[in-house]
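These notes concern the structure reproduced below.
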Amino acid sequence: MIEGSPILEVEGFSKTFAIHNLERHIPVFAELEFTVRSGEFLLVRGPNGVGKSTLLRCLFRSYRPTSGSAIYHSAHGSVDLARAADIDITLLRNEEIGFVTQFLRPRPRVAALTLVAEVLIAVGTDQDEAEKSATDLLDRFGLKSDLHDAYPTTFSGGEQQKVNLARALIRPRRLLLLDEPTASLDEETRNAMASRLGELKDQGVAMMGVLHHASDVEGLIDKELHIELPEGVSETDLEELGDTRHVVEQS
Amino acid sequence: MTVFLNPNAWQPAPPRLIETAPILEVKGIQKRYGDIQAVANVDMSVYPGEIMGIVGESGSGKSTLLRMLHLEEPADAGSYKLNIDGWQDRELLQLDRFEQRKLRVSHIGIVYQHPHLGLRMHNTSSGNVAERLLVAGERTYSTLRQAAVSSLAASEFPLQRMDDLPRHLSGGMQQRVQLAKAIAMEPALLLLDEPTSGLDVSVQARVLDTLKSLQQQQKISTVLVSHDLGVIRTLADRVMVMRGGHVIEAGLTDQILEDPQEAYTQQLVHAKL
């Protein structure tokens, strides 16, 4: 396979939460460095609590990174996700960077099919074609066809997740951030999702994934980023100390 | 000694990727009442189709700011521009009263927390909505009626009650009439001042649904003032946090709610969630 061009180049990337009422700094990860190329799948590994999801959230800017840079090469030009203006991040979220989690907040009184099709309509696909693609993908993810016109607010967790995935994966993005996307899915849906991710990868979509069961996406993974615990801290310490772990003392 | 990260040390880069200009741009706007600095040197911009939330406690200056954006409260200093055909280069704070009214009627819609501020309680609901077009110069009865029907329908108001007086309607319905009136002229800017704060929780949820789907369909650039973080989370794309007349923190809604930087915002978020 020909190596894709870099989409994301991360250097010295760190996140520390500052909790004012505790007067504490809670470092999560520090000095991360990695590159993701188009069509590449980067698996993020590491013990629980080490900040794998936090890393994805920092790149999506739901959390504000503390230091370092994450140069993202968009279709509009290059920008540092760590510092980019909020309005630029909004633009990238609308057009290029997708975030997939197990938590869907469906808009009330909007049918499953509409929620999925509107993603394509928003970028100019005509209504009929968008609805056809949405129907196909929902079928593929195993959402019963009599639910396509129903409101996901009334669905079970697993069914909502199918809608969520279809919505997130119907349109190729440049970069997909996958935060435990397979949690709460049955095996058939996990396989359907992996096959859809494979198609997107072939179209050049770059992906970063945090997955409890990496075997769900076996065959897609190109490389791994292993986030280590800070020196001298064991996983048990981390669980015991919870959020107040390793306070930074400086003079 | 624990040294604290200074949240102000993080400065976002200027916008680089976005190609559209803001529809609303405010620089250094100020308002003082006697010894009280109600709004101190606030900058803000709103991009087309965006909902900008302003959150803060009573007395933070958020409502004063909104009234200045509606040109109903004069500012002491600053600049305010709207990127609308015919008004692009005008300094709106310098307009005379006649021009301010003209701009408001055609291009700015507002929904107040208290319906009596936005509605004539002794006119019918449909009449309240049609009045905006009448003031703007429309005189054909069928056009006025049709515009009232379509705005009320877009606000999900029960049309069989469109000729009732607002004072005979429930609080939720009164807010829908205000909303219909606000969008009747297809404004470039919609201002929402605590639009659901006076309502029962279940009614509030339904009015929020309406606002959300309306935004999805019409993409009206909106400034939303609320002390309710649930309302902000549901509707706003970006948020400014105000305290004592200052904007102390601003960011993407999910970032402000999930990773607030300032001590005050951390308290506010934890108190409400």
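Chains: A, B, ... in order of the structure tokens. Residues: from 1 per chain. Ligands: from 1, in order shown.
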Neighbouring residues of Asp254 of chain B were defined as those with any atom within 9 Å, considering only C-alpha atoms; residues of the same chain fewer than 4 positions away were excluded. Please report them as a PyMOL selection string.
(chain A and resi 61-63) or (chain B and resi 233+237-238+258-259)
Could you write out the selected residues, including all heavy atoms, as an mmCIF file, in the first residue's frame?
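That gives us result_36.cif:
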```
data_model
loop_
_atom_site.group_PDB
_atom_site.id
_atom_site.type_symbol
_atom_site.label_atom_id
_atom_site.label_comp_id
_atom_site.auth_asym_id
_atom_site.auth_seq_id
_atom_site.Cartn_x
_atom_site.Cartn_y
_atom_site.Cartn_z
ATOM 1 N N ARG A 61 -11.309 18.867 20.800
ATOM 2 C CA ARG A 61 -11.422 20.121 21.545
ATOM 3 C C ARG A 61 -12.644 20.203 22.444
ATOM 4 O O ARG A 61 -13.093 21.306 22.809
ATOM 5 C CB ARG A 61 -11.346 21.318 20.601
ATOM 6 C CG ARG A 61 -9.916 21.737 20.293
ATOM 7 C CD ARG A 61 -9.319 22.648 21.362
ATOM 8 N NE ARG A 61 -9.931 23.952 21.357
ATOM 9 C CZ ARG A 61 -9.584 24.910 20.498
ATOM 10 N NH1 ARG A 61 -8.607 24.729 19.646
ATOM 11 N NH2 ARG A 61 -10.194 26.061 20.531
ATOM 12 N N SER A 62 -13.189 19.016 22.842
ATOM 13 C CA SER A 62 -14.165 19.027 23.939
ATOM 14 C C SER A 62 -13.413 19.338 25.217
ATOM 15 O O SER A 62 -13.975 19.851 26.171
ATOM 16 C CB SER A 62 -14.840 17.660 24.094
ATOM 17 O OG SER A 62 -15.614 17.392 22.965
ATOM 18 N N TYR A 63 -12.133 18.963 25.242
ATOM 19 C CA TYR A 63 -11.234 19.371 26.309
ATOM 20 C C TYR A 63 -10.184 20.276 25.696
ATOM 21 O O TYR A 63 -9.844 20.137 24.525
ATOM 22 C CB TYR A 63 -10.516 18.171 26.941
ATOM 23 C CG TYR A 63 -11.384 17.198 27.683
ATOM 24 C CD1 TYR A 63 -10.908 15.931 27.977
ATOM 25 C CD2 TYR A 63 -12.662 17.541 28.114
ATOM 26 C CE1 TYR A 63 -11.678 15.015 28.677
ATOM 27 C CE2 TYR A 63 -13.441 16.627 28.819
ATOM 28 C CZ TYR A 63 -12.945 15.362 29.096
ATOM 29 O OH TYR A 63 -13.692 14.462 29.781
ATOM 30 N N ARG B 233 -26.688 23.990 26.825
ATOM 31 C CA ARG B 233 -26.153 22.754 26.259
ATOM 32 C C ARG B 233 -27.000 22.290 25.065
ATOM 33 O O ARG B 233 -26.483 21.829 24.057
ATOM 34 C CB ARG B 233 -26.109 21.648 27.316
ATOM 35 C CG ARG B 233 -25.475 20.362 26.804
ATOM 36 C CD ARG B 233 -25.647 19.208 27.772
ATOM 37 N NE ARG B 233 -24.724 19.202 28.890
ATOM 38 C CZ ARG B 233 -23.455 18.771 28.799
ATOM 39 N NH1 ARG B 233 -22.978 18.333 27.670
ATOM 40 N NH2 ARG B 233 -22.680 18.792 29.844
ATOM 41 N N ASP B 237 -23.927 26.698 20.193
ATOM 42 C CA ASP B 237 -22.699 26.177 19.587
ATOM 43 C C ASP B 237 -21.480 26.635 20.387
ATOM 44 O O ASP B 237 -20.552 25.882 20.615
ATOM 45 C CB ASP B 237 -22.545 26.694 18.151
ATOM 46 C CG ASP B 237 -23.692 26.244 17.274
ATOM 47 O OD1 ASP B 237 -23.877 25.033 17.146
ATOM 48 O OD2 ASP B 237 -24.420 27.097 16.736
ATOM 49 N N ARG B 238 -21.491 27.916 20.759
ATOM 50 C CA ARG B 238 -20.406 28.473 21.565
ATOM 51 C C ARG B 238 -21.029 29.193 22.757
ATOM 52 O O ARG B 238 -22.199 29.558 22.722
ATOM 53 C CB ARG B 238 -19.575 29.466 20.742
ATOM 54 C CG ARG B 238 -18.744 28.779 19.655
ATOM 55 C CD ARG B 238 -17.730 29.740 19.059
ATOM 56 N NE ARG B 238 -18.344 30.795 18.262
ATOM 57 C CZ ARG B 238 -17.831 32.026 18.147
ATOM 58 N NH1 ARG B 238 -16.726 32.356 18.784
ATOM 59 N NH2 ARG B 238 -18.428 32.921 17.383
ATOM 60 N N GLU B 258 -17.619 20.779 29.857
ATOM 61 C CA GLU B 258 -16.909 19.569 30.274
ATOM 62 C C GLU B 258 -15.492 19.840 30.777
ATOM 63 O O GLU B 258 -14.937 19.055 31.531
ATOM 64 C CB GLU B 258 -16.866 18.557 29.120
ATOM 65 C CG GLU B 258 -18.223 17.905 28.899
ATOM 66 C CD GLU B 258 -18.342 17.249 27.541
ATOM 67 O OE1 GLU B 258 -17.333 16.727 27.047
ATOM 68 O OE2 GLU B 258 -19.447 17.285 26.971
ATOM 69 N N ASP B 259 -14.898 20.918 30.326
ATOM 70 C CA ASP B 259 -13.538 21.227 30.772
ATOM 71 C C ASP B 259 -13.391 22.733 30.999
ATOM 72 O O ASP B 259 -12.583 23.398 30.363
ATOM 73 C CB ASP B 259 -12.529 20.727 29.715
ATOM 74 C CG ASP B 259 -11.077 20.884 30.169
ATOM 75 O OD1 ASP B 259 -10.838 21.021 31.380
ATOM 76 O OD2 ASP B 259 -10.187 20.862 29.292
#
```
If the cut-off is 6 Å, can you tell me the residues of chain B near chain A, counting only C-alpha atoms? I'd like them as a JSON list (two decimals) with all heavy atoms, in the first residue's frame.
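Produced file result.json, reproduced below:
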```json
[["chain", "number", "residue", "atom", "x", "y", "z"],
["B", 1, "MET", "N", 4.59, 24.63, 47.23],
["B", 1, "MET", "CA", 3.42, 25.42, 46.86],
["B", 1, "MET", "C", 2.90, 24.97, 45.49],
["B", 1, "MET", "O", 3.65, 24.68, 44.59],
["B", 1, "MET", "CB", 3.83, 26.90, 46.79],
["B", 1, "MET", "CG", 2.66, 27.85, 46.80],
["B", 1, "MET", "SD", 3.22, 29.54, 46.45],
["B", 1, "MET", "CE", 2.94, 29.60, 44.71],
["B", 2, "THR", "N", 1.61, 24.86, 45.43],
["B", 2, "THR", "CA", 1.02, 24.46, 44.15],
["B", 2, "THR", "C", 0.89, 25.68, 43.24],
["B", 2, "THR", "O", 0.25, 26.66, 43.60],
["B", 2, "THR", "CB", -0.38, 23.85, 44.36],
["B", 2, "THR", "OG1", -0.24, 22.81, 45.31],
["B", 2, "THR", "CG2", -0.92, 23.30, 43.08],
["B", 12, "PRO", "N", -6.50, 31.53, 22.00],
["B", 12, "PRO", "CA", -6.75, 30.88, 20.71],
["B", 12, "PRO", "C", -6.13, 31.69, 19.57],
["B", 12, "PRO", "O", -5.98, 32.90, 19.67],
["B", 12, "PRO", "CB", -8.27, 30.86, 20.60],
["B", 12, "PRO", "CG", -8.74, 31.96, 21.49],
["B", 12, "PRO", "CD", -7.71, 32.11, 22.57],
["B", 13, "ALA", "N", -5.77, 30.97, 18.51],
["B", 13, "ALA", "CA", -5.30, 31.64, 17.32],
["B", 13, "ALA", "C", -6.47, 32.36, 16.65],
["B", 13, "ALA", "O", -7.62, 32.01, 16.89],
["B", 13, "ALA", "CB", -4.71, 30.60, 16.37],
["B", 14, "PRO", "N", -6.19, 33.38, 15.85],
["B", 14, "PRO", "CA", -7.29, 33.99, 15.09],
["B", 14, "PRO", "C", -7.86, 32.97, 14.09],
["B", 14, "PRO", "O", -7.15, 32.05, 13.70],
["B", 14, "PRO", "CB", -6.63, 35.16, 14.36],
["B", 14, "PRO", "CG", -5.17, 35.00, 14.52],
["B", 14, "PRO", "CD", -4.90, 34.00, 15.60],
["B", 15, "PRO", "N", -9.14, 33.14, 13.69],
["B", 15, "PRO", "CA", -9.71, 32.19, 12.73],
["B", 15, "PRO", "C", -8.89, 32.14, 11.44],
["B", 15, "PRO", "O", -8.46, 33.18, 10.95],
["B", 15, "PRO", "CB", -11.11, 32.78, 12.45],
["B", 15, "PRO", "CG", -11.41, 33.62, 13.64],
["B", 15, "PRO", "CD", -10.10, 34.15, 14.13],
["B", 17, "LEU", "N", -9.43, 29.09, 9.03],
["B", 17, "LEU", "CA", -10.04, 28.21, 8.03],
["B", 17, "LEU", "C", -11.37, 28.75, 7.52],
["B", 17, "LEU", "O", -11.70, 28.61, 6.36],
["B", 17, "LEU", "CB", -10.25, 26.81, 8.62],
["B", 17, "LEU", "CG", -9.00, 26.13, 9.19],
["B", 17, "LEU", "CD1", -9.35, 24.76, 9.75],
["B", 17, "LEU", "CD2", -7.92, 25.99, 8.13],
["B", 18, "ILE", "N", -12.13, 29.34, 8.43],
["B", 18, "ILE", "CA", -13.48, 29.77, 8.08],
["B", 18, "ILE", "C", -13.41, 30.89, 7.03],
["B", 18, "ILE", "O", -12.58, 31.78, 7.12],
["B", 18, "ILE", "CB", -14.27, 30.21, 9.33],
["B", 18, "ILE", "CG1", -15.74, 30.48, 8.98],
["B", 18, "ILE", "CG2", -13.67, 31.43, 10.00],
["B", 18, "ILE", "CD1", -16.69, 29.61, 9.73],
["B", 254, "ASP", "N", -19.40, 22.37, 24.44],
["B", 254, "ASP", "CA", -19.00, 21.14, 25.13],
["B", 254, "ASP", "C", -17.72, 21.37, 25.93],
["B", 254, "ASP", "O", -17.56, 20.84, 27.04],
["B", 254, "ASP", "CB", -18.87, 19.95, 24.17],
["B", 254, "ASP", "CG", -17.98, 20.21, 22.98],
["B", 254, "ASP", "OD1", -17.82, 21.40, 22.61],
["B", 254, "ASP", "OD2", -17.44, 19.26, 22.39],
["B", 255, "GLN", "N", -16.81, 22.19, 25.41],
["B", 255, "GLN", "CA", -15.58, 22.45, 26.15],
["B", 255, "GLN", "C", -15.85, 23.24, 27.44],
["B", 255, "GLN", "O", -15.31, 22.92, 28.50],
["B", 255, "GLN", "CB", -14.56, 23.17, 25.26],
["B", 255, "GLN", "CG", -13.19, 23.31, 25.91],
["B", 255, "GLN", "CD", -12.93, 24.72, 26.39],
["B", 255, "GLN", "OE1", -12.91, 25.65, 25.59],
["B", 255, "GLN", "NE2", -12.77, 24.90, 27.69],
["B", 259, "ASP", "N", -14.90, 20.92, 30.33],
["B", 259, "ASP", "CA", -13.54, 21.23, 30.77],
["B", 259, "ASP", "C", -13.39, 22.73, 31.00],
["B", 259, "ASP", "O", -12.58, 23.40, 30.36],
["B", 259, "ASP", "CB", -12.53, 20.73, 29.71],
["B", 259, "ASP", "CG", -11.08, 20.88, 30.17],
["B", 259, "ASP", "OD1", -10.84, 21.02, 31.38],
["B", 259, "ASP", "OD2", -10.19, 20.86, 29.29],
["B", 263, "ALA", "N", -12.07, 29.19, 37.76],
["B", 263, "ALA", "CA", -12.64, 28.71, 39.01],
["B", 263, "ALA", "C", -14.15, 28.96, 39.04],
["B", 263, "ALA", "O", -14.94, 28.08, 39.40],
["B", 263, "ALA", "CB", -11.96, 29.40, 40.19]]
```
Contacts of Val10 of chain A within 7 Å, only C-alpha atoms, excl. fewer than 6 positions in-chain, as an MDAnalysis selection string
chainID A and resid 33:35 69:71
Residue contacts of segment 3-6 of chain A (6 Å, only C-alpha atoms) excluding same-chain residues fewer than 6 positions away, as a ChimeraX atom specification
/A:36-38
Pairwise distance, atom CA of Glu40 of chain A with atom CA of Glu11 of chain A, equals 18.2 Å
Name the closest residue to Pro115 of chain B among the candidates B:Gln100, B:Ser170, B:Gln178, B:Gln160; distances are taken between atoms, counting only C-alpha atoms.
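So, comparing all the options, the nearest one is B:Gln178.
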With only C-alpha atoms as the atoms that count, which of A:Ala183, A:Leu8, A:Val210, A:Ile121 lies nearest to Leu59 of chain A?
A:Leu8
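Near Val269 of chain B, within a cut-off of 9 Å and counting only C-alpha atoms, sit the residues Leu229, Ile256, Leu257, Glu258, Pro260, Tyr264, Thr265, Gln266, Gln267, Ala271, Lys272 and Leu273 of chain B, with same-chain residues fewer than 2 positions away left out.
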Serialized selection, all heavy atoms, as a tab-separated table (two decimals), in the first residue's frame:
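New file result-v7.tsv:
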```
chain	number	residue	atom	x	y	z
B	229	LEU	N	-27.86	26.08	32.34
B	229	LEU	CA	-26.85	25.41	31.52
B	229	LEU	C	-27.45	24.31	30.66
B	229	LEU	O	-26.91	23.96	29.61
B	229	LEU	CB	-25.75	24.83	32.41
B	229	LEU	CG	-24.89	25.89	33.12
B	229	LEU	CD1	-23.90	25.23	34.05
B	229	LEU	CD2	-24.16	26.77	32.11
B	256	ILE	N	-16.68	24.26	27.35
B	256	ILE	CA	-16.98	25.06	28.54
B	256	ILE	C	-17.67	24.21	29.61
B	256	ILE	O	-17.41	24.34	30.80
B	256	ILE	CB	-17.86	26.28	28.17
B	256	ILE	CG1	-17.08	27.27	27.30
B	256	ILE	CG2	-18.42	26.97	29.41
B	256	ILE	CD1	-15.94	27.97	28.01
B	257	LEU	N	-18.57	23.32	29.18
B	257	LEU	CA	-19.31	22.52	30.16
B	257	LEU	C	-18.52	21.33	30.68
B	257	LEU	O	-18.71	20.88	31.79
B	257	LEU	CB	-20.64	22.04	29.56
B	257	LEU	CG	-21.63	23.15	29.19
B	257	LEU	CD1	-22.90	22.57	28.59
B	257	LEU	CD2	-21.99	23.98	30.42
B	258	GLU	N	-17.62	20.78	29.86
B	258	GLU	CA	-16.91	19.57	30.27
B	258	GLU	C	-15.49	19.84	30.78
B	258	GLU	O	-14.94	19.06	31.53
B	258	GLU	CB	-16.87	18.56	29.12
B	258	GLU	CG	-18.22	17.91	28.90
B	258	GLU	CD	-18.34	17.25	27.54
B	258	GLU	OE1	-17.33	16.73	27.05
B	258	GLU	OE2	-19.45	17.28	26.97
B	260	PRO	N	-14.21	23.27	31.94
B	260	PRO	CA	-14.12	24.71	32.20
B	260	PRO	C	-12.78	25.05	32.84
B	260	PRO	O	-12.27	24.25	33.61
B	260	PRO	CB	-15.28	24.97	33.17
B	260	PRO	CG	-15.57	23.65	33.80
B	260	PRO	CD	-15.17	22.59	32.81
B	264	TYR	N	-14.56	30.15	38.63
B	264	TYR	CA	-15.98	30.50	38.68
B	264	TYR	C	-16.82	29.57	37.78
B	264	TYR	O	-17.87	29.09	38.18
B	264	TYR	CB	-16.18	31.96	38.25
B	264	TYR	CG	-17.62	32.36	38.15
B	264	TYR	CD1	-18.37	32.60	39.30
B	264	TYR	CD2	-18.26	32.47	36.92
B	264	TYR	CE1	-19.70	32.96	39.22
B	264	TYR	CE2	-19.59	32.82	36.83
B	264	TYR	CZ	-20.31	33.06	37.99
B	264	TYR	OH	-21.63	33.40	37.90
B	265	THR	N	-16.31	29.31	36.59
B	265	THR	CA	-17.05	28.45	35.66
B	265	THR	C	-17.10	27.02	36.17
B	265	THR	O	-18.12	26.33	36.04
B	265	THR	CB	-16.40	28.48	34.25
B	265	THR	OG1	-16.09	29.83	33.93
B	265	THR	CG2	-17.35	27.93	33.21
B	266	GLN	N	-16.01	26.57	36.79
B	266	GLN	CA	-16.02	25.22	37.36
B	266	GLN	C	-17.10	25.09	38.43
B	266	GLN	O	-17.84	24.11	38.47
B	266	GLN	CB	-14.64	24.88	37.94
B	266	GLN	CG	-13.58	24.70	36.85
B	266	GLN	CD	-12.23	24.22	37.38
B	266	GLN	OE1	-12.03	24.09	38.58
B	266	GLN	NE2	-11.31	23.96	36.45
B	267	GLN	N	-17.22	26.12	39.27
B	267	GLN	CA	-18.27	26.12	40.29
B	267	GLN	C	-19.66	26.11	39.66
B	267	GLN	O	-20.54	25.36	40.05
B	267	GLN	CB	-18.18	27.40	41.13
B	267	GLN	CG	-17.26	27.33	42.30
B	267	GLN	CD	-17.21	28.68	42.99
B	267	GLN	OE1	-18.18	29.45	42.95
B	267	GLN	NE2	-16.10	28.99	43.60
B	271	ALA	N	-22.28	23.18	40.03
B	271	ALA	CA	-23.50	23.48	40.77
B	271	ALA	C	-24.73	23.06	39.97
B	271	ALA	O	-25.76	22.72	40.54
B	271	ALA	CB	-23.56	24.97	41.10
B	272	LYS	N	-24.61	23.10	38.66
B	272	LYS	CA	-25.81	22.89	37.84
B	272	LYS	C	-25.95	21.48	37.29
B	272	LYS	O	-27.01	21.11	36.85
B	272	LYS	CB	-25.82	23.87	36.64
B	272	LYS	CG	-25.80	25.33	37.00
B	272	LYS	CD	-27.17	25.80	37.50
B	272	LYS	CE	-27.08	27.14	38.18
B	272	LYS	NZ	-27.65	28.25	37.51
B	273	LEU	N	-24.87	20.71	37.26
B	273	LEU	CA	-25.00	19.42	36.57
B	273	LEU	C	-25.11	18.25	37.54
B	273	LEU	O	-24.61	18.30	38.63
B	273	LEU	CB	-23.79	19.21	35.64
B	273	LEU	CG	-23.73	20.18	34.47
B	273	LEU	CD1	-22.54	19.85	33.59
B	273	LEU	CD2	-25.00	20.15	33.64
```
Return the single residue from B:Arg176, B:His227, B:Lys102, B:Arg167 that is closest to Arg206 of chain B, with distances computed using only C-alpha atoms.
B:Arg176
Which residues, written as number ranges by chain, have at least one atom at most 12 Å from Leu24 of chain B, with only C-alpha atoms counted and residues fewer than 2 positions away on the same chain left out?
B: 20-22, 26-27, 43-52, 69-70, 79-84, 87-89, 91-92, 107-108, 188-191, 221-223
Just write the chosen residues, C-alpha atoms, as a short mmCIF file (atom, residue, chain, number, x, y, z; two decimals), in the first residue's frame.
```cif
data_model
loop_
_atom_site.label_atom_id
_atom_site.label_comp_id
_atom_site.auth_asym_id
_atom_site.auth_seq_id
_atom_site.Cartn_x
_atom_site.Cartn_y
_atom_site.Cartn_z
CA THR B 20 -17.42 33.48 5.91
CA ALA B 21 -17.42 36.76 7.83
CA PRO B 22 -19.25 37.08 11.16
CA VAL B 26 -19.13 43.79 18.72
CA LYS B 27 -16.00 45.43 20.07
CA ASP B 43 -16.02 41.78 22.41
CA MET B 44 -18.08 39.17 20.60
CA SER B 45 -18.70 37.76 17.16
CA VAL B 46 -21.42 35.49 15.83
CA TYR B 47 -21.06 33.62 12.56
CA PRO B 48 -23.93 32.88 10.15
CA GLY B 49 -26.24 30.17 11.43
CA GLU B 50 -24.53 29.98 14.78
CA ILE B 51 -26.11 30.08 18.25
CA MET B 52 -23.98 32.01 20.71
CA LEU B 69 -27.67 44.25 20.83
CA HIS B 70 -31.39 44.91 20.37
CA SER B 79 -18.72 49.33 18.29
CA TYR B 80 -21.55 47.14 16.97
CA LYS B 81 -21.89 46.03 13.37
CA LEU B 82 -24.18 43.64 11.54
CA ASN B 83 -23.16 42.19 8.21
CA ILE B 84 -26.55 42.66 6.52
CA TRP B 87 -26.09 48.01 6.88
CA GLN B 88 -22.58 46.53 6.53
CA ASP B 89 -20.55 49.60 7.25
CA GLU B 91 -21.95 51.82 13.23
CA LEU B 92 -25.21 50.68 14.79
CA HIS B 107 -33.65 42.30 10.71
CA ILE B 108 -33.71 41.55 14.44
CA ALA B 188 -30.80 38.02 10.23
CA LEU B 189 -30.41 37.95 13.99
CA LEU B 190 -32.57 36.33 16.65
CA LEU B 191 -32.15 37.34 20.30
CA SER B 221 -27.91 33.45 13.68
CA THR B 222 -28.89 33.64 17.32
CA VAL B 223 -27.73 35.08 20.62
#
```
